[in-house]
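Containing compact mmCIF, C-alpha atoms and all ligand atoms: protein22.txt.
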# COMPACT_ATOMS: atom_id res chain seq x y z
CA MET A 1 115.64 79.91 112.35
CA THR A 2 118.95 78.34 111.23
CA ALA A 3 120.55 79.67 108.07
CA ALA A 4 120.40 77.45 105.00
CA ILE A 5 124.06 78.21 104.32
CA GLN A 6 126.59 79.55 106.80
CA THR A 7 130.27 79.93 106.06
CA SER A 8 133.04 81.28 108.22
CA GLY A 9 136.45 82.15 106.82
CA LEU A 10 135.87 79.65 103.99
CA ARG A 11 138.99 79.29 101.83
CA LYS A 12 140.24 77.40 98.82
CA HIS A 13 143.82 77.45 97.55
CA TYR A 14 144.92 75.87 94.32
CA GLY A 15 148.64 75.61 95.01
CA ALA A 16 149.78 79.14 95.82
CA ALA A 17 146.70 80.74 94.24
CA GLU A 18 143.83 81.67 96.53
CA ALA A 19 140.52 81.16 94.66
CA VAL A 20 138.32 81.83 97.72
CA ALA A 21 139.90 84.02 100.37
CA GLY A 22 137.97 83.73 103.63
CA LEU A 23 134.27 83.91 102.91
CA ASP A 24 131.79 84.81 105.67
CA LEU A 25 128.37 84.21 104.20
CA THR A 26 124.90 83.73 105.65
CA VAL A 27 122.03 82.66 103.42
CA PRO A 28 118.71 82.75 105.28
CA THR A 29 116.40 79.75 104.83
CA GLY A 30 113.79 80.21 102.12
CA THR A 31 115.59 82.93 100.16
CA VAL A 32 116.56 83.05 96.51
CA PHE A 33 120.22 84.05 96.84
CA GLY A 34 122.24 85.25 93.85
CA PHE A 35 126.02 85.05 93.62
CA LEU A 36 127.51 87.61 91.22
CA GLY A 37 131.11 88.10 90.27
CA PRO A 38 133.46 88.63 87.36
CA ASN A 39 135.38 85.76 85.78
CA GLY A 40 137.62 83.93 88.18
CA ALA A 41 136.00 85.55 91.22
CA GLY A 42 135.58 82.16 92.87
CA LYS A 43 131.85 81.56 92.41
CA SER A 44 132.13 78.06 90.99
CA THR A 45 134.76 77.11 93.56
CA THR A 46 132.44 78.30 96.34
CA ILE A 47 129.50 76.29 95.02
CA GLY A 48 131.80 73.31 94.59
CA MET A 49 132.77 73.50 98.29
CA LEU A 50 129.19 74.01 99.45
CA CYS A 51 128.08 70.98 97.44
CA THR A 52 130.94 68.85 98.88
CA LEU A 53 132.55 68.44 95.43
CA LEU A 54 135.64 70.45 96.38
CA ARG A 55 137.41 70.27 99.73
CA PRO A 56 137.99 73.64 101.46
CA THR A 57 141.56 74.44 102.49
CA GLY A 58 140.39 76.58 105.39
CA GLY A 59 137.39 77.84 107.37
CA THR A 60 134.04 76.13 107.78
CA ALA A 61 130.78 75.82 105.85
CA GLU A 62 127.43 74.42 106.92
CA VAL A 63 124.65 73.66 104.47
CA ALA A 64 121.18 72.78 105.81
CA GLY A 65 122.73 72.57 109.28
CA HIS A 66 125.52 70.11 108.36
CA ASP A 67 129.24 70.62 108.01
CA VAL A 68 130.42 70.11 104.42
CA VAL A 69 133.69 68.41 105.46
CA ARG A 70 132.62 66.36 108.48
CA GLU A 71 129.13 65.39 107.25
CA PRO A 72 129.28 65.37 103.44
CA ASP A 73 126.67 62.63 103.06
CA ALA A 74 124.16 64.52 105.22
CA VAL A 75 124.78 67.64 103.11
CA ARG A 76 124.37 65.72 99.84
CA ARG A 77 121.05 64.27 100.94
CA ARG A 78 119.74 67.78 101.54
CA ILE A 79 120.91 69.55 98.40
CA GLY A 80 120.05 69.55 94.71
CA LEU A 81 122.66 70.64 92.17
CA ILE A 82 121.93 71.83 88.66
CA PHE A 83 124.94 72.31 86.41
CA GLN A 84 125.15 74.82 83.64
CA GLU A 85 125.66 72.13 81.03
CA SER A 86 122.72 69.87 80.34
CA THR A 87 123.17 66.44 81.88
CA VAL A 88 119.80 64.85 81.05
CA ASP A 89 119.87 61.80 78.78
CA VAL A 90 118.21 62.76 75.50
CA ASP A 91 117.58 59.11 74.53
CA LEU A 92 115.36 58.60 77.56
CA THR A 93 111.93 60.05 78.21
CA ALA A 94 111.47 62.73 80.87
CA ALA A 95 110.00 60.17 83.30
CA GLU A 96 112.80 57.66 82.58
CA ASN A 97 115.43 60.30 83.36
CA LEU A 98 113.75 60.92 86.70
CA ARG A 99 113.30 57.22 87.46
CA PHE A 100 117.00 56.66 86.78
CA GLN A 101 117.87 59.45 89.19
CA ALA A 102 115.49 58.06 91.83
CA GLU A 103 117.27 54.70 91.58
CA LEU A 104 120.62 56.41 92.07
CA PHE A 105 119.22 57.94 95.25
CA GLY A 106 117.97 54.51 96.33
CA MET A 107 114.42 55.78 96.68
CA PRO A 108 111.75 53.09 97.32
CA ARG A 109 109.59 52.68 94.18
CA ARG A 110 106.40 54.07 95.69
CA VAL A 111 108.16 57.12 97.11
CA ALA A 112 109.91 57.63 93.76
CA ARG A 113 106.64 57.49 91.83
CA ALA A 114 105.06 60.20 93.98
CA ALA A 115 108.22 62.34 93.83
CA ILE A 116 108.41 62.07 90.03
CA THR A 117 104.75 63.00 89.63
CA GLY A 118 105.19 65.99 91.96
CA ALA A 119 108.42 67.21 90.34
CA LEU A 120 107.02 66.95 86.80
CA ALA A 121 103.89 68.84 87.83
CA LEU A 122 105.92 71.60 89.46
CA VAL A 123 107.82 72.31 86.24
CA GLU A 124 104.71 71.69 84.10
CA LEU A 125 106.04 68.74 82.16
CA THR A 126 103.38 66.20 83.19
CA ASP A 127 101.92 65.93 79.70
CA ARG A 128 105.38 65.37 78.15
CA ALA A 129 106.50 62.79 80.74
CA ASP A 130 106.67 59.90 78.26
CA GLU A 131 108.33 61.72 75.39
CA GLU A 132 112.02 61.43 74.58
CA VAL A 133 114.03 64.41 75.79
CA ARG A 134 115.56 64.87 72.32
CA THR A 135 112.18 66.33 71.26
CA PHE A 136 112.32 68.96 74.05
CA SER A 137 113.23 72.64 73.64
CA GLY A 138 116.15 74.10 75.65
CA GLY A 139 113.72 75.54 78.19
CA MET A 140 111.94 72.22 78.66
CA ARG A 141 115.27 70.43 79.19
CA ARG A 142 116.20 73.01 81.79
CA ARG A 143 112.88 72.49 83.55
CA LEU A 144 113.54 68.75 83.53
CA GLU A 145 116.97 69.37 85.09
CA ILE A 146 115.23 71.37 87.81
CA ALA A 147 112.67 68.57 88.33
CA ARG A 148 115.53 66.10 88.67
CA GLY A 149 117.33 68.34 91.15
CA LEU A 150 114.15 68.39 93.24
CA LEU A 151 113.38 64.70 93.27
CA HIS A 152 114.75 63.96 96.72
CA THR A 153 113.06 67.12 98.14
CA PRO A 154 116.31 68.99 98.88
CA ARG A 155 116.36 71.85 101.36
CA VAL A 156 118.82 73.85 99.26
CA LEU A 157 118.94 73.94 95.47
CA PHE A 158 122.18 75.09 93.80
CA LEU A 159 122.06 76.31 90.22
CA ASP A 160 125.02 77.41 88.12
CA GLU A 161 123.86 80.08 85.65
CA PRO A 162 120.29 78.72 85.53
CA THR A 163 119.10 80.49 82.39
CA THR A 164 122.29 80.88 80.33
CA GLY A 165 121.64 80.12 76.67
CA LEU A 166 117.87 80.39 77.02
CA ASP A 167 115.70 82.93 75.23
CA PRO A 168 114.14 85.75 77.30
CA GLN A 169 110.67 84.19 77.32
CA THR A 170 112.01 80.88 78.63
CA ARG A 171 114.06 82.72 81.23
CA VAL A 172 110.90 84.31 82.56
CA ALA A 173 109.23 80.88 82.68
CA ILE A 174 112.18 79.31 84.56
CA TRP A 175 112.06 82.12 87.08
CA ALA A 176 108.33 81.63 87.58
CA HIS A 177 109.12 77.98 88.39
CA LEU A 178 111.88 78.90 90.83
CA HIS A 179 109.63 81.34 92.67
CA ARG A 180 106.82 78.78 92.77
CA LEU A 181 109.26 76.26 94.16
CA ARG A 182 110.27 78.55 96.94
CA ALA A 183 106.63 79.37 97.75
CA GLU A 184 105.40 75.77 97.67
CA ARG A 185 108.36 73.97 99.21
CA ASP A 186 110.09 76.67 101.24
CA ILE A 187 113.31 75.71 99.54
CA THR A 188 116.45 77.88 99.54
CA VAL A 189 117.79 78.62 96.06
CA PHE A 190 121.46 79.55 95.62
CA LEU A 191 122.54 80.51 92.12
CA THR A 192 125.33 82.12 90.16
CA THR A 193 124.41 84.54 87.43
CA HIS A 194 125.69 87.22 85.11
CA HIS A 195 122.24 88.33 83.99
CA LEU A 196 120.98 91.57 85.44
CA GLU A 197 117.34 90.65 85.10
CA GLU A 198 118.12 87.36 86.80
CA ALA A 199 119.85 89.16 89.66
CA GLU A 200 116.74 91.37 90.02
CA HIS A 201 114.72 88.21 90.75
CA CYS A 202 116.87 87.36 93.77
CA ASP A 203 115.83 88.22 97.32
CA ARG A 204 119.46 88.82 98.22
CA LEU A 205 122.67 89.17 96.27
CA ALA A 206 126.34 88.75 97.11
CA ILE A 207 129.03 90.23 94.88
CA LEU A 208 132.30 88.34 94.87
CA ASP A 209 135.58 89.69 93.50
CA SER A 210 138.99 88.00 93.63
CA GLY A 211 137.74 85.40 96.08
CA ARG A 212 136.40 88.00 98.51
CA LEU A 213 132.87 89.05 99.32
CA VAL A 214 132.54 92.69 98.34
CA VAL A 215 128.98 93.40 99.38
CA THR A 216 125.68 91.64 100.17
CA GLY A 217 122.13 92.95 100.30
CA THR A 218 118.77 93.01 98.58
CA PRO A 219 118.84 94.39 95.02
CA ALA A 220 117.12 97.55 96.34
CA GLU A 221 119.63 97.98 99.17
CA LEU A 222 122.57 97.58 96.80
CA LYS A 223 121.15 100.09 94.33
CA ALA A 224 120.55 102.53 97.19
CA THR A 225 124.28 102.42 98.02
CA ILE A 226 124.94 104.05 94.63
CA GLY A 227 122.61 106.80 95.76
CA ALA A 228 122.25 108.76 92.53
CA ASP A 229 120.13 108.72 89.38
CA LEU A 230 121.69 109.00 85.94
CA VAL A 231 120.41 112.04 84.01
CA VAL A 232 121.07 112.20 80.26
CA VAL A 233 120.26 115.57 78.73
CA ARG A 234 120.41 116.69 75.12
CA THR A 235 120.70 120.33 74.16
CA GLY A 236 122.06 121.87 70.98
CA ASP A 237 125.46 122.36 72.63
CA ASP A 238 126.81 119.58 74.84
CA HIS A 239 130.05 121.32 75.81
CA GLU A 240 128.22 124.49 76.85
CA THR A 241 125.81 122.32 78.89
CA VAL A 242 128.75 120.65 80.68
CA ARG A 243 130.16 124.10 81.49
CA ILE A 244 126.83 125.47 82.77
CA LEU A 245 126.25 122.39 84.94
CA ARG A 246 129.69 122.88 86.47
CA ASP A 247 129.52 126.67 86.95
CA ARG A 248 125.86 127.10 87.87
CA PHE A 249 125.00 123.81 89.56
CA GLY A 250 128.42 122.69 90.81
CA LEU A 251 127.92 119.32 89.07
CA THR A 252 130.42 117.17 87.18
CA ALA A 253 128.97 116.13 83.82
CA THR A 254 130.47 114.45 80.76
CA ALA A 255 129.60 114.78 77.07
CA GLU A 256 128.82 111.28 75.72
CA PRO A 257 127.59 110.21 72.26
CA ASP A 258 123.98 110.06 73.47
CA GLY A 259 124.06 113.39 75.36
CA VAL A 260 125.42 114.93 78.55
CA HIS A 261 125.61 112.49 81.48
CA LEU A 262 125.45 113.48 85.13
CA ARG A 263 124.50 111.88 88.43
CA VAL A 264 122.18 113.52 90.95
CA THR A 265 120.41 112.12 94.02
CA ASP A 266 116.90 113.16 92.96
CA GLY A 267 116.87 113.05 89.16
CA ALA A 268 113.13 113.66 88.78
CA GLY A 269 113.29 116.69 91.09
CA PHE A 270 116.37 118.06 89.34
CA VAL A 271 114.99 118.02 85.77
CA PRO A 272 112.54 121.00 86.11
CA ARG A 273 115.33 123.12 87.66
CA LEU A 274 117.67 122.11 84.88
CA CYS A 275 115.15 123.02 82.15
CA ALA A 276 114.38 126.37 83.81
CA GLU A 277 117.97 127.42 84.47
CA VAL A 278 120.21 125.88 81.81
CA GLY A 279 119.48 128.73 79.39
CA LEU A 280 119.64 126.44 76.33
CA PRO A 281 116.77 124.65 74.57
CA VAL A 282 116.48 121.16 76.15
CA ARG A 283 115.66 118.67 73.38
CA SER A 284 115.37 115.56 75.51
CA VAL A 285 116.08 114.41 79.02
CA ALA A 286 116.06 110.92 80.53
CA VAL A 287 116.33 109.91 84.18
CA THR A 288 117.41 106.36 85.08
CA PRO A 289 117.55 105.13 88.67
CA PRO A 290 120.70 103.18 89.65
CA THR A 291 120.85 99.69 88.12
CA LEU A 292 122.56 96.56 89.33
CA ASP A 293 125.05 97.11 86.52
CA ASP A 294 126.01 100.39 88.24
CA VAL A 295 126.34 98.49 91.52
CA PHE A 296 128.51 95.83 89.90
CA LEU A 297 130.73 98.43 88.25
CA HIS A 298 131.00 100.41 91.47
CA TYR A 299 132.20 97.41 93.48
CA THR A 300 134.28 95.48 90.92
CA GLY A 301 135.45 98.11 88.43
CA ARG A 302 133.87 96.13 85.56
CA THR A 303 130.43 96.01 84.02
CA ILE A 304 128.45 92.79 84.17
CA ARG A 305 128.56 92.66 80.37
CA GLU A 306 132.37 92.68 80.35
CA SER A 307 132.53 89.86 82.86
CA ALA A 308 129.73 87.91 81.13
CA GLU A 309 131.83 87.31 78.06
CA ASN A 310 133.12 84.12 79.68
CA PRO A 311 130.32 83.07 82.00
CA ALA A 312 130.86 80.98 85.12
CA ASP A 313 130.88 77.28 84.50
CA LEU A 314 130.71 75.09 87.55
CA THR A 315 130.97 71.96 85.47
CA ALA A 316 134.36 73.11 84.17
CA ALA A 317 135.58 74.03 87.66
CA VAL A 318 134.55 70.67 89.03
CA ARG A 319 136.12 68.89 86.07
CA ARG A 320 139.33 70.76 86.75
CA GLY A 321 139.23 68.83 90.04
CA GLY A 322 140.90 69.97 93.22
CA ARG A 323 139.26 67.82 95.89
N1 LIG B 1 141.38 73.19 89.66
C1 LIG B 1 141.95 74.39 89.63
N2 LIG B 1 143.28 74.54 89.64
C2 LIG B 1 143.87 75.74 89.65
N3 LIG B 1 143.20 76.91 89.66
C3 LIG B 1 141.87 76.85 89.65
C4 LIG B 1 141.16 75.60 89.62
N4 LIG B 1 139.81 75.87 89.61
C5 LIG B 1 139.71 77.22 89.63
N5 LIG B 1 140.90 77.80 89.64
C6 LIG B 1 141.19 79.26 89.71
O1 LIG B 1 140.51 79.78 90.84
C7 LIG B 1 139.95 81.07 90.58
C8 LIG B 1 138.44 81.03 90.79
O2 LIG B 1 137.83 80.22 89.79
P1 LIG B 1 136.26 79.94 89.74
O3 LIG B 1 136.02 79.03 88.56
O4 LIG B 1 135.77 79.52 91.05
O5 LIG B 1 135.71 81.40 89.45
P2 LIG B 1 134.31 81.85 88.88
O6 LIG B 1 133.91 83.05 89.65
O7 LIG B 1 133.36 80.72 88.89
O8 LIG B 1 134.72 82.28 87.42
P3 LIG B 1 134.06 82.01 85.99
O9 LIG B 1 132.92 82.96 85.91
O10 LIG B 1 135.14 82.33 85.01
O11 LIG B 1 133.70 80.55 85.96
C9 LIG B 1 140.37 81.38 89.15
O12 LIG B 1 141.53 82.15 89.17
C10 LIG B 1 140.63 80.02 88.53
O13 LIG B 1 141.57 80.10 87.48
Show how you would write the structure in this file as structure tokens.
Ligand SMILES: Nc1ncnc2c1ncn2[C@@H]1O[C@H](COP(=O)(O)OP(=O)(O)OP(=O)(O)O)[C@@H](O)[C@H]1O
Amino acid sequence: MTAAIQTSGLRKHYGAAEAVAGLDLTVPTGTVFGFLGPNGAGKSTTIGMLCTLLRPTGGTAEVAGHDVVREPDAVRRRIGLIFQESTVDVDLTAAENLRFQAELFGMPRRVARAAITGALALVELTDRADEEVRTFSGGMRRRLEIARGLLHTPRVLFLDEPTTGLDPQTRVAIWAHLHRLRAERDITVFLTTHHLEEAEHCDRLAILDSGRLVVTGTPAELKATIGADLVVVRTGDDHETVRILRDRFGLTATAEPDGVHLRVTDGAGFVPRLCAEVGLPVRSVAVTPPTLDDVFLHYTGRTIRESAENPADLTAAVRRGGR
């Protein structure tokens, strides 16, 4: 099976600055692939190149089997692109927005009608088709954007921060739609995100830092690379606990405001030993398996929260130009 996206040494310079520094990426067909990285990592620039909006300064990229530089039209016919900023026309109805898009694609009317019906059904907006978009909630507008991105049955759907600005319930609903899409249409979904729970939904993740790919894998594989659970223990005397853990268990622990923190490979197995041998009354103990935030911190030196303060914005990157 050919990969949905394949890049080799993909580069983008803006003058002397290297935004993307030789990216070798394979995105298998039919996966939901998440692209994570701190501000300025090069995520938006990468999507811009893959969608033929920005011209690479080196290397190659194929999307749906076509080269982004030599066959941009073939690539464009096979991709859908959903920007972070809403681009639907609020003065038009949902169906009118889609009809307008179908005309831009030059779709024959009968084909367009069937595509619009199918796309609205997929995002569950059929019963709102003839209402003006200005009456829609943020989540409904997002779903309409997704429907519009799907109209020409793309093989690869690109989304820049798909659920930014949406409430948690709507996020869950959008994700249900994306998974359904993949199941029903075998589409490949490539997205950028700063949300941990969003990253958890992805089949595979790639972490990008300073224009370079730091690591790729399934969320479970990436968490396994951290290899240790976080144990937070509260006793009456944190400093004594830190000392005992060092002297008796050979472990490095730190006293934090919420208790003593330490990392061990088998947290659940360690807790009974700790309670039996620490020699102090244990008031509470919590074991947390590695999170994607730990993974992110491990590979980039920043937490996702720190880098989420200024989320990725493909629209801005594209507006900045560079083709
Ligand atoms: N048109 C441009 N001209 C000059 N530099 C640019 C241009 N577009 C992007 N850059 C720079 O390239 C680097 C990568 O930017 P890019 O927007 O791709 O990163 P990002 O990972 O999407 O970050 P963010 O999350 O902040 O949007 C940054 O240092 C940015 O300042």
For A:Leu120, the closest of A:Ala16, A:Val287, A:Ala268, A:Met140 counting all atoms listed in the file is A:Met140
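The interatomic distance for the pair atom CA of A:Asp203 and atom CA of A:Leu178 works out to 12.0 Å.
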Discussion item. When you look at stretch 208-225 of chain A with a cut-off of 6 Å (counting all atoms listed in the file), what residues show up, excluding the ones that are within fewer than 3 positions of it in the same chain? I need them as a VMD selection string.
Written reply: chain A and resid 19 to 21 37 41 to 42 203 to 205 290
Selection near A:Leu10, 6 Å with only C-alpha atoms, sequence-local residues under 4 positions removed, as a list in words
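Listed by chain and then number, they are Gly22, Leu23, Gly58, Gly59 and Thr60 of chain A.
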Practice prompt. Take the point (115.8, 124.0, 72.9) in the file's coordinates, draw a sphere of radius 9 Å around it, and report as a ChimeraX atom specification every protein, DNA or RNA residue with an atom inside or on it, counting all atoms listed in the file.
Written response: /A:234-236,279-284
Residue subset to file, keeping C-alpha atoms, as an mmCIF file, in the frame of the given file:
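The new file result.cif reads:
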data_model
loop_
_atom_site.group_PDB
_atom_site.id
_atom_site.type_symbol
_atom_site.label_atom_id
_atom_site.label_comp_id
_atom_site.auth_asym_id
_atom_site.auth_seq_id
_atom_site.Cartn_x
_atom_site.Cartn_y
_atom_site.Cartn_z
ATOM 1 C CA ARG A 234 120.410 116.690 75.120
ATOM 2 C CA THR A 235 120.700 120.330 74.160
ATOM 3 C CA GLY A 236 122.060 121.870 70.980
ATOM 4 C CA GLY A 279 119.480 128.730 79.390
ATOM 5 C CA LEU A 280 119.640 126.440 76.330
ATOM 6 C CA PRO A 281 116.770 124.650 74.570
ATOM 7 C CA VAL A 282 116.480 121.160 76.150
ATOM 8 C CA ARG A 283 115.660 118.670 73.380
ATOM 9 C CA SER A 284 115.370 115.560 75.510
#
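With atom CA of A:Gly80 on one side and atom CA of A:Thr153 on the other, the separation reads 8.2 Å.
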query = Pick from A:Arg134, A:Arg76, A:His194, A:Arg109: nearest to ligand LIG 1 (chain B), with only C-alpha atoms and all ligand atoms counted?
reply =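 Between A:Arg134, A:Arg76, A:His194, A:Arg109, the residue approaching ligand LIG 1 (chain B) most closely is A:His194.
Ranking A:Asp167, A:Glu18, A:Glu161, A:Asp89 by their shortest atom-to-atom distance to A:Thr193, with all atoms listed in the file included, puts A:Glu161 first.
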Within 12 Å of A:Ile5, counting only C-alpha atoms, which residues show up once you throw out same-chain ones fewer than 6 positions away? Write them as a tab-separated table (two decimals) with C-alpha atoms, in the frame of the given file, please.
chain	number	residue	atom	x	y	z
A	23	LEU	CA	134.27	83.91	102.91
A	24	ASP	CA	131.79	84.81	105.67
A	25	LEU	CA	128.37	84.21	104.20
A	26	THR	CA	124.90	83.73	105.65
A	27	VAL	CA	122.03	82.66	103.42
A	28	PRO	CA	118.71	82.75	105.28
A	29	THR	CA	116.40	79.75	104.83
A	30	GLY	CA	113.79	80.21	102.12
A	31	THR	CA	115.59	82.93	100.16
A	32	VAL	CA	116.56	83.05	96.51
A	33	PHE	CA	120.22	84.05	96.84
A	46	THR	CA	132.44	78.30	96.34
A	47	ILE	CA	129.50	76.29	95.02
A	49	MET	CA	132.77	73.50	98.29
A	50	LEU	CA	129.19	74.01	99.45
A	51	CYS	CA	128.08	70.98	97.44
A	60	THR	CA	134.04	76.13	107.78
A	61	ALA	CA	130.78	75.82	105.85
A	62	GLU	CA	127.43	74.42	106.92
A	63	VAL	CA	124.65	73.66	104.47
A	64	ALA	CA	121.18	72.78	105.81
A	65	GLY	CA	122.73	72.57	109.28
A	66	HIS	CA	125.52	70.11	108.36
A	67	ASP	CA	129.24	70.62	108.01
A	68	VAL	CA	130.42	70.11	104.42
A	75	VAL	CA	124.78	67.64	103.11
A	78	ARG	CA	119.74	67.78	101.54
A	79	ILE	CA	120.91	69.55	98.40
A	155	ARG	CA	116.36	71.85	101.36
A	156	VAL	CA	118.82	73.85	99.26
A	157	LEU	CA	118.94	73.94	95.47
A	158	PHE	CA	122.18	75.09	93.80
A	188	THR	CA	116.45	77.88	99.54
A	189	VAL	CA	117.79	78.62	96.06
A	190	PHE	CA	121.46	79.55	95.62
>> What's the separation between atom CA of A:Leu36 and atom CA of A:Thr192, in Å to one decimal place?
In response: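 Atom CA of A:Thr192 lies 6.0 Å from atom CA of A:Leu36.
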| request: Rank nothing, just name the residue among A:Gln169, A:Ser8, A:Asn39, A:Thr135 nearest to ligand LIG 1 (chain B), using only C-alpha atoms and all ligand atoms. | output: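 Nearest to ligand LIG 1 (chain B): A:Asn39.
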In terms of only C-alpha atoms, the residue from A:Pro38, A:Glu198, A:Tyr14, A:Ala119 at minimal distance from A:Gly301 is A:Pro38
_From A:Ala147, A:Asp160, A:Phe100, A:Arg110, residue lying nearest ligand LIG 1 (chain B) [all atoms listed in the file]_ =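 Among the listed residues, the smallest separation from ligand LIG 1 (chain B) belongs to A:Asp160.
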* Counting only C-alpha atoms, what is within 9 Å of A:Leu125, bar same-chain residues fewer than 2 positions away, as a VMD selection string? -> chain A and resid 94 119 to 123 127 to 129 140 143 to 144
For this session: Considering all atoms listed in the file, return as a list in words whatever protein or nucleic-acid residues lie within 10 Å of A:Val233, sequence-local ones (same chain, fewer than 6 positions apart) excluded.
Result: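 Counting only the stated atoms, we get Thr241, Ala255, Asp258, Gly259, Val260, His261, Leu262, Val271, Leu274, Cys275, Val282, Arg283, Ser284, Val285, Ala286 and Val287 of chain A.
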Counting all atoms listed in the file, find residues at most 12 Å from (115.2, 72.4, 74.0) (file frame) and give them as a ChimeraX atom specification.
/A:86,88,90,132-145,165-167,170
Starting from the incomplete input, reconstruct N, CA and C atoms of stretch 199-211 of chain A and report them as an mmCIF file, keeping the file's coordinate frame.
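And here is the file that came out, out_31.cif:
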data_model
loop_
_atom_site.group_PDB
_atom_site.id
_atom_site.type_symbol
_atom_site.label_atom_id
_atom_site.label_comp_id
_atom_site.auth_asym_id
_atom_site.auth_seq_id
_atom_site.Cartn_x
_atom_site.Cartn_y
_atom_site.Cartn_z
ATOM 1 N N ALA A 199 119.451 88.656 88.342
ATOM 2 C CA ALA A 199 119.850 89.160 89.660
ATOM 3 C C ALA A 199 118.685 89.924 90.310
ATOM 4 N N GLU A 200 117.895 90.620 89.489
ATOM 5 C CA GLU A 200 116.740 91.370 90.020
ATOM 6 C C GLU A 200 115.717 90.444 90.658
ATOM 7 N N HIS A 201 115.678 89.179 90.210
ATOM 8 C CA HIS A 201 114.720 88.210 90.750
ATOM 9 C C HIS A 201 115.109 87.719 92.139
ATOM 10 N N CYS A 202 116.377 87.936 92.512
ATOM 11 C CA CYS A 202 116.870 87.360 93.770
ATOM 12 C C CYS A 202 116.413 88.193 94.962
ATOM 13 N N ASP A 203 116.173 87.500 96.087
ATOM 14 C CA ASP A 203 115.830 88.220 97.320
ATOM 15 C C ASP A 203 117.071 88.929 97.850
ATOM 16 N N ARG A 204 118.197 88.239 97.769
ATOM 17 C CA ARG A 204 119.460 88.820 98.220
ATOM 18 C C ARG A 204 120.559 88.478 97.230
ATOM 19 N N LEU A 205 121.550 89.362 97.178
ATOM 20 C CA LEU A 205 122.670 89.170 96.270
ATOM 21 C C LEU A 205 123.973 89.287 97.050
ATOM 22 N N ALA A 206 124.985 88.557 96.594
ATOM 23 C CA ALA A 206 126.340 88.750 97.110
ATOM 24 C C ALA A 206 127.243 88.966 95.910
ATOM 25 N N ILE A 207 128.065 89.996 95.966
ATOM 26 C CA ILE A 207 129.030 90.230 94.880
ATOM 27 C C ILE A 207 130.392 89.783 95.359
ATOM 28 N N LEU A 208 131.009 88.928 94.542
ATOM 29 C CA LEU A 208 132.300 88.340 94.870
ATOM 30 C C LEU A 208 133.331 88.873 93.891
ATOM 31 N N ASP A 209 134.508 89.238 94.395
ATOM 32 C CA ASP A 209 135.580 89.690 93.500
ATOM 33 C C ASP A 209 136.902 89.187 94.063
ATOM 34 N N SER A 210 137.702 88.562 93.219
ATOM 35 C CA SER A 210 138.990 88.000 93.630
ATOM 36 C C SER A 210 138.891 87.176 94.903
ATOM 37 N N GLY A 211 137.879 86.314 94.950
ATOM 38 C CA GLY A 211 137.740 85.400 96.080
ATOM 39 C C GLY A 211 137.235 86.030 97.351
#
